[in-house]
$ cat work.csv   # CSV, C-alpha atoms
chain,number,residue,atom,x,y,z
O,160,MET,CA,-13.7,-30.5,101.8
O,161,LEU,CA,-11.2,-28.4,99.9
O,162,ASN,CA,-8.1,-30.0,98.6
O,163,SER,CA,-6.1,-28.4,101.4
O,164,GLU,CA,-2.9,-30.3,100.6
O,165,SER,CA,-2.9,-28.7,97.1
O,166,ILE,CA,-3.7,-25.3,98.6
O,167,ARG,CA,-1.0,-25.7,101.3
O,168,ARG,CA,1.7,-25.9,98.6
O,169,ASP,CA,1.0,-22.3,97.7
O,170,PHE,CA,2.0,-21.1,101.2
O,171,PRO,CA,5.8,-21.1,101.7
O,172,ILE,CA,5.6,-20.7,105.5
O,173,LEU,CA,3.8,-24.0,105.8
O,174,SER,CA,6.9,-25.9,104.5
O,175,LEU,CA,8.8,-24.8,107.7
O,176,ARG,CA,9.6,-27.4,110.3
O,177,ARG,CA,10.6,-27.0,113.9
O,178,GLU,CA,13.9,-28.4,115.2
O,179,ASP,CA,12.1,-31.6,116.3
O,180,GLY,CA,10.5,-32.0,112.8
O,181,LYS,CA,7.0,-30.9,113.8
O,182,PRO,CA,5.3,-28.8,111.1
O,183,LEU,CA,3.6,-25.5,111.8
O,184,VAL,CA,-0.1,-25.9,112.7
O,185,TYR,CA,-1.3,-22.4,112.2
O,186,LEU,CA,-4.7,-21.8,113.9
O,187,ASP,CA,-4.5,-18.0,114.4
O,188,ASN,CA,-6.3,-17.0,111.2
O,189,ALA,CA,-8.7,-14.6,113.0
O,190,ALA,CA,-5.7,-12.5,113.9
O,191,THR,CA,-4.0,-12.7,110.5
O,192,THR,CA,-3.7,-15.2,107.7
O,193,LEU,CA,-0.8,-16.7,105.9
O,194,LYS,CA,0.1,-15.4,102.4
O,195,PRO,CA,0.2,-17.5,99.2
O,196,ARG,CA,2.9,-17.1,96.6
O,197,GLN,CA,0.4,-15.5,94.3
O,198,VAL,CA,0.0,-12.6,96.8
O,199,ILE,CA,3.7,-12.4,97.6
O,200,ASN,CA,4.5,-12.3,93.9
O,201,ALA,CA,2.0,-9.5,93.2
O,202,VAL,CA,3.6,-7.3,95.8
O,203,VAL,CA,7.1,-8.0,94.5
O,204,ARG,CA,6.0,-7.5,90.9
O,205,TYR,CA,4.8,-4.0,91.8
O,206,TYR,CA,8.2,-3.0,93.3
O,207,GLU,CA,10.1,-4.7,90.5
O,208,ARG,CA,8.0,-3.6,87.5
O,209,TYR,CA,5.5,-0.8,88.4
O,210,THR,CA,7.0,1.4,91.1
O,211,ALA,CA,5.7,4.9,90.5
O,212,ASN,CA,3.2,7.2,92.3
O,213,VAL,CA,-0.3,6.9,91.0
O,214,HIS,CA,-2.7,9.6,89.7
O,215,ARG,CA,0.1,12.1,89.2
O,216,GLY,CA,2.6,11.3,86.4
O,217,LEU,CA,1.9,11.4,82.7
O,218,TYR,CA,4.8,9.2,81.8
O,219,LYS,CA,4.0,5.5,80.9
O,220,LEU,CA,5.3,3.9,84.2
O,221,ALA,CA,3.1,6.2,86.3
O,222,GLN,CA,0.1,5.4,84.1
O,223,GLU,CA,0.7,1.7,84.4
O,224,ALA,CA,1.0,2.0,88.2
O,225,THR,CA,-2.3,3.9,88.2
O,226,SER,CA,-4.0,1.2,86.1
O,227,LEU,CA,-2.7,-1.4,88.5
O,228,TYR,CA,-4.1,0.4,91.5
O,229,GLU,CA,-7.5,1.2,90.0
O,230,ASN,CA,-7.8,-2.3,88.6
O,231,ALA,CA,-7.2,-3.6,92.1
O,232,ARG,CA,-10.1,-1.4,93.3
O,233,GLU,CA,-12.3,-2.8,90.7
O,234,THR,CA,-11.4,-6.4,91.6
O,235,VAL,CA,-12.2,-5.8,95.3
O,236,ALA,CA,-15.4,-4.0,94.5
O,237,LYS,CA,-16.7,-6.9,92.4
O,238,PHE,CA,-15.8,-9.3,95.3
O,239,ILE,CA,-18.3,-7.6,97.6
O,240,LYS,CA,-20.8,-6.7,94.8
O,241,ALA,CA,-20.1,-2.9,95.0
O,242,ASP,CA,-19.3,-0.2,92.5
O,243,SER,CA,-15.6,0.7,92.3
O,244,SER,CA,-16.5,4.3,93.3
O,245,GLU,CA,-17.8,3.0,96.6
O,246,VAL,CA,-14.5,1.3,97.6
O,247,VAL,CA,-12.0,3.3,99.6
O,248,PHE,CA,-8.6,1.8,100.3
O,249,THR,CA,-7.5,2.3,103.9
O,250,LYS,CA,-4.7,1.0,106.1
O,251,ASN,CA,-7.0,-1.6,107.7
O,252,ALA,CA,-10.6,-2.0,109.1
O,253,THR,CA,-9.7,0.1,112.1
O,254,GLU,CA,-8.9,3.1,110.0
O,255,GLY,CA,-12.1,2.6,108.1
O,256,VAL,CA,-14.2,2.8,111.3
O,257,ASN,CA,-12.3,5.9,112.3
O,258,VAL,CA,-12.9,7.6,108.9
O,259,VAL,CA,-16.6,7.1,109.5
O,260,ALA,CA,-16.4,8.2,113.1
O,261,TYR,CA,-14.7,11.4,112.3
O,262,GLY,CA,-16.4,12.0,109.0
O,263,LEU,CA,-20.0,12.3,110.2
O,264,ASN,CA,-21.2,15.6,111.4
O,265,TRP,CA,-22.2,15.0,115.0
O,266,ASN,CA,-24.5,17.0,117.2
O,267,PRO,CA,-24.8,17.0,121.0
O,268,GLY,CA,-27.4,14.4,121.9
O,269,ASP,CA,-26.9,12.2,118.9
O,270,GLU,CA,-26.7,8.5,119.7
O,271,VAL,CA,-24.6,5.6,118.5
O,272,ILE,CA,-25.7,2.0,119.2
O,273,THR,CA,-23.1,-0.8,119.2
O,274,THR,CA,-22.9,-4.2,121.0
O,275,VAL,CA,-21.1,-5.8,123.9
O,276,MET,CA,-19.4,-8.2,121.5
O,277,GLU,CA,-17.4,-5.6,119.5
O,278,HIS,CA,-13.7,-5.6,118.9
O,279,HIS,CA,-12.0,-2.6,120.5
O,280,SER,CA,-11.6,-1.1,117.0
O,281,ASN,CA,-15.4,-0.8,116.8
O,282,LEU,CA,-15.8,0.5,120.3
O,283,VAL,CA,-13.0,2.9,121.3
O,284,PRO,CA,-13.6,5.3,118.3
O,285,TRP,CA,-17.2,5.7,119.4
O,286,GLN,CA,-16.1,6.3,123.0
O,287,ILE,CA,-13.8,9.1,121.8
O,288,ILE,CA,-16.6,10.5,119.6
O,289,CYS,CA,-19.0,10.5,122.5
O,290,ASN,CA,-16.6,12.3,124.8
O,291,ARG,CA,-15.6,14.8,122.2
O,292,PHE,CA,-19.0,15.7,120.7
O,293,LYS,CA,-21.3,14.8,123.7
O,294,VAL,CA,-22.8,11.9,121.8
O,295,ARG,CA,-24.5,9.1,123.8
O,296,LEU,CA,-23.3,5.5,123.4
O,297,LYS,CA,-25.8,2.6,123.8
O,298,PHE,CA,-25.1,-1.2,123.9
O,299,LEU,CA,-27.0,-4.2,122.6
O,300,ASP,CA,-26.4,-7.2,124.9
O,301,ILE,CA,-26.0,-10.8,124.0
O,302,THR,CA,-27.9,-13.9,125.1
O,303,GLU,CA,-26.4,-16.6,127.3
O,304,ASP,CA,-25.7,-18.8,124.2
O,305,GLY,CA,-23.8,-16.1,122.4
O,306,TYR,CA,-26.3,-14.4,120.1
O,307,LEU,CA,-27.1,-10.8,119.8
O,308,ASN,CA,-30.3,-10.0,121.7
O,309,VAL,CA,-31.9,-8.4,118.6
O,310,GLU,CA,-35.3,-8.3,120.3
O,311,ASN,CA,-34.1,-5.5,122.5
O,312,LEU,CA,-32.8,-3.3,119.6
O,313,THR,CA,-36.2,-1.6,119.1
O,314,SER,CA,-36.1,-0.3,122.7
O,315,LEU,CA,-32.6,1.1,122.2
O,316,ILE,CA,-33.4,3.0,119.0
O,317,SER,CA,-34.7,6.5,119.3
O,318,LYS,CA,-35.2,9.6,117.2
O,319,ARG,CA,-31.6,10.7,118.2
O,320,THR,CA,-30.0,7.4,117.0
O,321,ARG,CA,-27.6,8.4,114.2
O,322,LEU,CA,-25.6,5.2,113.7
O,323,ILE,CA,-25.6,1.5,114.5
O,324,ALA,CA,-22.1,0.1,114.4
O,325,LEU,CA,-21.7,-3.7,114.8
O,326,ASN,CA,-19.6,-6.6,113.7
O,327,HIS,CA,-20.9,-9.1,111.2
O,328,VAL,CA,-19.0,-11.9,113.0
O,329,SER,CA,-17.7,-11.9,116.5
O,330,ASN,CA,-14.0,-12.5,116.7
O,331,VAL,CA,-14.5,-14.4,120.0
O,332,LEU,CA,-17.8,-16.1,119.8
O,333,GLY,CA,-17.8,-16.7,116.1
O,334,THR,CA,-21.5,-15.6,116.0
O,335,ILE,CA,-22.8,-14.6,112.5
O,336,ASN,CA,-25.0,-11.6,113.4
O,337,PRO,CA,-28.3,-10.9,111.5
O,338,VAL,CA,-27.0,-7.7,110.0
O,339,GLU,CA,-29.6,-7.6,107.2
O,340,GLU,CA,-32.4,-7.6,109.8
O,341,ILE,CA,-30.6,-4.9,111.9
O,342,THR,CA,-29.9,-2.7,108.9
O,343,LYS,CA,-33.5,-2.8,107.8
O,344,LEU,CA,-34.7,-1.8,111.3
O,345,ALA,CA,-32.1,1.0,111.5
O,346,HIS,CA,-33.1,2.5,108.1
O,347,GLU,CA,-36.8,2.4,109.2
O,348,HIS,CA,-35.6,4.8,111.9
O,349,GLU,CA,-33.5,6.8,109.5
O,350,ALA,CA,-30.2,5.6,111.2
O,351,LEU,CA,-27.0,4.7,109.3
O,352,VAL,CA,-25.3,1.4,109.7
O,353,LEU,CA,-21.6,0.5,109.8
O,354,ILE,CA,-20.6,-3.2,109.6
O,355,ASP,CA,-17.3,-4.4,110.8
O,356,ALA,CA,-16.8,-7.2,108.4
O,357,ALA,CA,-13.2,-8.0,109.2
O,358,GLN,CA,-14.2,-11.6,110.3
O,359,SER,CA,-16.8,-12.2,107.6
O,360,VAL,CA,-15.4,-11.0,104.2
O,361,PRO,CA,-12.6,-13.5,104.3
O,362,HIS,CA,-14.9,-16.4,105.1
O,363,ILE,CA,-18.4,-16.1,103.7
O,364,PRO,CA,-19.8,-14.6,100.4
O,365,ILE,CA,-20.6,-10.9,100.9
O,366,ASP,CA,-23.1,-8.8,98.9
O,367,VAL,CA,-23.2,-5.3,100.2
O,368,ARG,CA,-26.4,-4.6,98.3
O,369,ARG,CA,-28.1,-7.5,100.0
O,370,LEU,CA,-26.8,-6.5,103.4
O,371,GLY,CA,-28.1,-3.0,102.8
O,372,CYS,CA,-25.5,-1.3,105.0
O,373,ASP,CA,-24.2,2.3,104.6
O,374,PHE,CA,-20.6,1.5,105.5
O,375,LEU,CA,-18.6,-1.7,105.7
O,376,VAL,CA,-14.9,-2.2,106.7
O,377,PHE,CA,-12.5,-5.1,106.4
O,378,SER,CA,-8.7,-5.8,106.4
O,379,GLY,CA,-6.6,-7.4,103.7
O,380,HIS,CA,-4.3,-9.2,106.0
O,381,LYS,CA,-7.1,-11.4,107.3
O,382,MET,CA,-7.9,-12.7,103.8
O,383,LEU,CA,-4.5,-13.7,102.5
O,384,GLY,CA,-3.5,-10.2,101.6
O,385,PRO,CA,-0.7,-8.0,102.8
O,386,THR,CA,-0.7,-5.9,106.0
O,387,GLY,CA,-1.3,-2.2,105.7
O,388,ILE,CA,-4.2,-2.4,103.3
O,389,GLY,CA,-7.9,-2.4,104.1
O,390,VAL,CA,-11.3,-1.3,102.6
O,391,LEU,CA,-14.0,1.1,103.6
O,392,TYR,CA,-17.2,0.6,101.6
O,393,VAL,CA,-19.3,3.7,101.4
O,394,ASP,CA,-22.7,3.3,99.8
O,395,ARG,CA,-23.2,5.9,97.2
O,396,ASP,CA,-26.4,7.1,98.9
O,397,ALA,CA,-24.6,7.6,102.2
O,398,SER,CA,-21.5,9.3,100.7
O,399,ASP,CA,-22.9,12.8,101.1
O,400,ALA,CA,-23.3,12.3,104.9
O,401,LEU,CA,-19.5,11.6,105.2
O,402,GLN,CA,-16.9,14.3,105.1
O,403,PRO,CA,-13.1,13.6,104.7
O,404,ALA,CA,-11.5,12.8,108.1
O,405,PHE,CA,-8.0,13.5,106.8
O,406,GLY,CA,-6.7,16.3,104.5
O,407,GLY,CA,-3.8,16.3,102.1
O,408,GLY,CA,-3.0,15.7,98.4
O,409,GLU,CA,-5.1,13.7,96.0
O,410,MET,CA,-8.3,14.0,98.1
O,411,ILE,CA,-8.9,17.5,96.7
O,412,SER,CA,-10.1,18.8,93.3
O,413,ARG,CA,-9.1,22.5,93.9
O,414,VAL,CA,-7.1,24.3,96.6
O,415,ASP,CA,-7.0,28.0,97.5
O,416,LEU,CA,-5.1,29.5,100.4
O,417,GLU,CA,-8.4,29.9,102.3
O,418,LYS,CA,-10.3,26.8,101.3
O,419,ALA,CA,-10.3,23.5,99.3
O,420,GLU,CA,-12.9,21.5,97.3
O,421,TRP,CA,-13.0,17.8,97.6
O,422,ASN,CA,-12.3,15.2,94.9
O,423,ASP,CA,-14.9,12.7,93.8
O,424,MET,CA,-15.6,9.4,95.5
O,425,PRO,CA,-13.6,7.4,96.4
O,426,TRP,CA,-10.5,9.5,96.2
O,427,ARG,CA,-11.8,12.2,98.6
O,428,PHE,CA,-11.1,9.7,101.4
O,429,GLU,CA,-7.6,8.7,100.2
O,430,PRO,CA,-5.2,11.5,101.1
O,431,GLY,CA,-1.5,11.2,100.2
O,432,THR,CA,0.4,8.4,98.4
O,433,PRO,CA,-1.6,5.2,98.8
O,434,ASN,CA,-0.4,1.7,99.4
O,435,VAL,CA,-0.2,0.6,95.8
O,436,ALA,CA,1.7,-2.6,96.5
O,437,GLY,CA,-0.8,-3.5,99.2
O,438,ALA,CA,-3.7,-2.9,96.8
O,439,ALA,CA,-2.0,-5.2,94.2
O,440,GLY,CA,-1.5,-7.9,96.9
O,441,LEU,CA,-5.1,-7.6,98.1
O,442,ALA,CA,-6.4,-7.9,94.5
O,443,ALA,CA,-4.3,-11.1,94.1
O,444,ALA,CA,-5.7,-12.4,97.4
O,445,VAL,CA,-9.3,-11.8,96.1
O,446,GLU,CA,-8.5,-13.6,92.8
O,447,TYR,CA,-7.1,-16.5,94.8
O,448,LEU,CA,-10.2,-16.8,96.9
O,449,GLU,CA,-12.5,-16.4,93.9
O,450,GLU,CA,-10.8,-19.2,92.2
O,451,ILE,CA,-11.5,-21.4,95.2
O,452,GLY,CA,-15.0,-20.1,95.5
O,453,MET,CA,-16.3,-18.4,98.7
O,454,ASP,CA,-19.1,-21.0,99.0
O,455,ASN,CA,-16.4,-23.7,99.1
O,456,VAL,CA,-14.4,-21.7,101.7
O,457,ARG,CA,-17.5,-21.5,103.9
O,458,ARG,CA,-18.3,-25.3,103.5
O,459,HIS,CA,-14.7,-26.2,104.4
O,460,GLU,CA,-14.7,-24.1,107.5
O,461,ILE,CA,-18.1,-25.5,108.6
O,462,GLN,CA,-16.6,-29.0,108.6
O,463,LEU,CA,-13.5,-27.9,110.5
O,464,THR,CA,-15.5,-25.9,113.1
O,465,ASP,CA,-18.1,-28.7,113.5
O,466,LEU,CA,-15.3,-31.1,114.4
O,467,ALA,CA,-13.7,-28.7,116.9
O,468,LEU,CA,-17.0,-28.0,118.6
O,469,LYS,CA,-17.9,-31.6,118.9
O,470,ARG,CA,-14.5,-32.7,120.2
O,471,LEU,CA,-14.0,-29.8,122.6
O,472,GLY,CA,-17.6,-30.0,123.7
O,473,ASP,CA,-17.1,-33.6,124.8
O,474,LEU,CA,-14.4,-32.6,127.2
O,475,GLU,CA,-15.8,-31.9,130.7
O,476,SER,CA,-12.8,-29.8,131.6
O,477,VAL,CA,-13.3,-27.4,128.6
O,478,VAL,CA,-15.6,-24.5,128.4
O,479,VAL,CA,-16.5,-23.4,124.8
O,480,TYR,CA,-18.0,-20.0,124.1
O,481,GLY,CA,-20.5,-19.0,121.5
O,482,PRO,CA,-23.4,-20.7,119.6
O,483,LYS,CA,-23.5,-24.4,119.6
O,484,LYS,CA,-24.8,-24.6,116.1
O,485,THR,CA,-22.0,-24.6,113.6
O,486,GLU,CA,-24.1,-23.0,110.9
O,487,ASP,CA,-24.6,-19.9,113.1
O,488,ARG,CA,-20.9,-19.2,113.4
O,489,CYS,CA,-17.7,-18.7,111.4
O,490,GLY,CA,-14.6,-20.8,111.5
O,491,LEU,CA,-13.3,-20.0,115.0
O,492,VAL,CA,-13.7,-21.5,118.5
O,493,ALA,CA,-12.8,-19.8,121.7
O,494,PHE,CA,-12.5,-21.9,124.8
O,495,ASN,CA,-10.9,-22.3,128.2
O,496,VAL,CA,-9.5,-25.4,130.0
O,497,LYS,CA,-10.7,-25.3,133.6
O,498,GLY,CA,-7.8,-24.7,136.0
O,499,VAL,CA,-5.4,-23.7,133.2
O,500,ASN,CA,-4.6,-20.0,132.3
O,501,SER,CA,-5.3,-19.3,128.7
O,502,HIS,CA,-1.7,-18.2,128.1
O,503,ASP,CA,-0.4,-21.3,129.7
O,504,ALA,CA,-2.7,-23.4,127.5
O,505,ALA,CA,-1.5,-21.6,124.3
O,506,LEU,CA,2.1,-22.0,125.3
O,507,LEU,CA,1.6,-25.7,125.9
O,508,LEU,CA,-0.1,-26.1,122.5
O,509,ASP,CA,2.9,-24.5,120.9
O,510,GLU,CA,5.5,-26.4,122.9
O,511,LEU,CA,3.9,-29.8,122.6
O,512,GLU,CA,2.8,-29.8,118.9
O,513,ASN,CA,3.8,-26.5,117.3
O,514,ILE,CA,0.2,-25.4,117.3
O,515,ALA,CA,-0.2,-21.6,116.9
O,516,VAL,CA,-3.4,-20.2,118.6
O,517,ARG,CA,-4.2,-16.9,120.2
O,518,SER,CA,-4.8,-16.4,123.9
O,519,GLY,CA,-5.9,-13.4,125.9
O,520,LEU,CA,-8.8,-10.9,125.5
O,521,HIS,CA,-8.6,-10.8,121.6
O,522,CYS,CA,-9.2,-7.0,121.8
O,523,ALA,CA,-12.7,-7.7,123.2
O,524,GLU,CA,-12.3,-7.1,126.9
O,525,PRO,CA,-15.9,-6.0,127.7
O,526,LEU,CA,-17.2,-9.2,126.0
O,527,HIS,CA,-14.9,-11.4,128.2
O,528,ARG,CA,-16.2,-9.5,131.2
O,529,ARG,CA,-19.7,-10.3,130.1
O,530,LEU,CA,-18.8,-14.0,129.7
O,531,LYS,CA,-17.2,-13.9,133.2
O,532,ALA,CA,-14.0,-15.1,131.6
O,533,GLN,CA,-10.6,-13.5,132.5
O,534,SER,CA,-9.4,-14.5,129.0
O,535,SER,CA,-9.7,-17.3,126.5
O,536,VAL,CA,-7.9,-19.5,124.0
O,537,ARG,CA,-9.0,-19.0,120.4
O,538,ALA,CA,-8.4,-21.5,117.5
O,539,SER,CA,-9.4,-20.1,114.1
O,540,PHE,CA,-9.4,-21.9,110.8
O,541,TYR,CA,-8.9,-21.2,107.1
O,542,ILE,CA,-8.6,-22.8,103.7
O,543,TYR,CA,-5.2,-24.5,104.3
O,544,ASN,CA,-6.2,-26.1,107.6
O,545,THR,CA,-7.2,-29.8,107.7
O,546,LEU,CA,-9.3,-32.1,109.8
O,547,GLU,CA,-6.1,-33.8,111.0
O,548,GLU,CA,-4.9,-30.5,112.4
O,549,VAL,CA,-8.2,-30.0,114.2
O,550,GLU,CA,-7.9,-33.5,115.6
O,551,LEU,CA,-4.4,-32.8,116.8
O,552,LEU,CA,-5.6,-29.5,118.4
O,553,CYS,CA,-8.3,-31.4,120.3
O,554,ASP,CA,-6.1,-34.3,121.3
O,555,THR,CA,-3.5,-31.8,122.7
O,556,VAL,CA,-6.2,-29.8,124.6
O,557,GLU,CA,-7.3,-33.1,126.1
O,558,LYS,CA,-3.7,-33.8,127.3
O,559,ILE,CA,-3.5,-30.3,128.7
O,560,SER,CA,-6.7,-30.8,130.6
O,561,ARG,CA,-5.3,-33.8,132.4
O,562,LEU,CA,-2.5,-31.7,133.7
O,563,SER,CA,-4.8,-29.3,135.6
$ encode --input "work.csv" --output "structure tokens"
Amino acid sequence: MLNSESIRRDFPILSLRREDGKPLVYLDNAATTLKPRQVINAVVRYYERYTANVHRGLYKLAQEATSLYENARETVAKFIKADSSEVVFTKNATEGVNVVAYGLNWNPGDEVITTVMEHHSNLVPWQIICNRFKVRLKFLDITEDGYLNVENLTSLISKRTRLIALNHVSNVLGTINPVEEITKLAHEHEALVLIDAAQSVPHIPIDVRRLGCDFLVFSGHKMLGPTGIGVLYVDRDASDALQPAFGGGEMISRVDLEKAEWNDMPWRFEPGTPNVAGAAGLAAAVEYLEEIGMDNVRRHEIQLTDLALKRLGDLESVVVYGPKKTEDRCGLVAFNVKGVNSHDAALLLDELENIAVRSGLHCAEPLHRRLKAQSSVRASFYIYNTLEEVELLCDTVEKISRLS
């Protein structure tokens, strides 16, 4: 286990106590993570010491701000084993998906394959694209135990398949999908692959070269970083297939009244003034995680998740969703208490023990429909969570189950 008590001291919000003295038990990390002082300080330091626009001014302060921004890009690129020219800063993972969706040159009859376990951010953009450009959308189903039915993918792929877009980790089931296998199959059929890694980059070691994907997106706020900053990875070999989805300053190399020429990668996909403070904060978050070690992050979450699965699985009145094997999933557990609405369960966890969990559809309504669940409760773990907090969660769920 990680030394969570030492880690917790870096997170100011964890020092807060409720009126009754109960500490915050924060188990909504799949939605957003807490921020350590190191990240907070990095954002404040930009505004106090480096505030200037980047890539524009020749004066010293502007050059320092530019170095800060581009060094942040380099830090993030190394974290996912990419080249810095392949890392595009975005607002979040959602924007990254949309940049790809609107940047590809679609033809009527093209096909996009996605899955029934996608977050709405990796579903709705493709629905819009299909309606606008007469593209066909296909779906890969799941098995009853929460895995992608990869065996059926071959029958879905055709000569018209242009892109396969899927999540690396389900934000409801926790399932770690076999994206390397899927990418290999897609490339054999000359299809591109986009991976929504919002739930994997913060939790497991990522090597984009090993994954072999063409595009990969993730958000800073889910990995200790600030909100408003995300990443779109564009493999250098796939960059020519992608045109800028937005126009403006910085993303151009030359502009005439009638036409413009695009800047080099990655700046052609970053129009306007970027979120420099967010990039600095994200780099600080990456450095924080690297100091801990992503292998250690993964081992810690396996222990927390294993305990939650065992304890909740022993309760007859609780339904747990997703794979039963801890090693096949990331650090989150979605469940329902029979006879108790998920929102009521979440409110009771908060009221009884100051436990913060998510309830509802988790931006995955089609998946809940597939699971025949109106909604669910989701507890998700991170580096500052402890076994004692998981025990408290399960003890409180057991109390709630007796109320039904």
$ closest_residue --input "work.csv" --among "O:Val246, O:Val360, O:Val275, O:Ile354" --to "Cys489 in chain O" --atoms "only C-alpha atoms"
O:Val360
$ residues_around --input "work.csv" --residues "Val328 in chain O" --least-positions-apart "4" --cutoff "10 Å" --atoms "all atoms listed in the file" --output "list in words"
Met276, Glu277, Leu332, Gly333, Thr334, Ile335, Asn336, Pro337, Val338, Ile354, Asp355, Ala356, Ala357, Gln358, Ser359, Val360, His362, Asp487, Arg488 and Cys489 of chain O
$ atom_distance --input "work.csv" --atom1 "CA of Ile365 in chain O" --atom2 "CA of Met453 in chain O"
8.9 Å
$ residues_around --input "work.csv" --residues "Cys522 in chain O" --least-positions-apart "3" --cutoff "8 Å" --atoms "all atoms listed in the file" --output "PyMOL selection string"
chain O and resi 278-280
$ atom_distance --input "work.csv" --atom1 "CA of Ala467 in chain O" --atom2 "CA of Glu450 in chain O"
26.6 Å
$ build_atoms --input "work.csv" --residues "range 200-211 of chain O" --atoms "N, CA and C atoms" --output "tab-separated table (two decimals), in the coordinates of the input"
chain	number	residue	atom	x	y	z
O	200	ASN	N	4.04	-12.66	95.20
O	200	ASN	CA	4.50	-12.30	93.90
O	200	ASN	C	3.93	-10.99	93.36
O	201	ALA	N	2.66	-10.77	93.67
O	201	ALA	CA	2.00	-9.50	93.20
O	201	ALA	C	2.63	-8.31	93.85
O	202	VAL	N	2.96	-8.42	95.13
O	202	VAL	CA	3.60	-7.30	95.80
O	202	VAL	C	5.01	-7.07	95.25
O	203	VAL	N	5.76	-8.15	95.09
O	203	VAL	CA	7.10	-8.00	94.50
O	203	VAL	C	7.08	-7.48	93.13
O	204	ARG	N	6.10	-7.93	92.34
O	204	ARG	CA	6.00	-7.50	90.90
O	204	ARG	C	5.77	-5.96	90.86
O	205	TYR	N	4.97	-5.41	91.79
O	205	TYR	CA	4.80	-4.00	91.80
O	205	TYR	C	6.12	-3.25	91.97
O	206	TYR	N	6.89	-3.69	92.97
O	206	TYR	CA	8.20	-3.00	93.30
O	206	TYR	C	9.19	-3.24	92.15
O	207	GLU	N	9.13	-4.40	91.50
O	207	GLU	CA	10.10	-4.70	90.50
O	207	GLU	C	9.71	-4.09	89.09
O	208	ARG	N	8.40	-3.94	88.86
O	208	ARG	CA	8.00	-3.60	87.50
O	208	ARG	C	7.15	-2.30	87.42
O	209	TYR	N	6.45	-1.91	88.49
O	209	TYR	CA	5.50	-0.80	88.40
O	209	TYR	C	5.72	0.34	89.36
O	210	THR	N	6.84	0.37	90.06
O	210	THR	CA	7.00	1.40	91.10
O	210	THR	C	6.95	2.81	90.51
O	211	ALA	N	5.91	3.49	90.87
O	211	ALA	CA	5.70	4.90	90.50
O	211	ALA	C	4.51	5.37	91.34
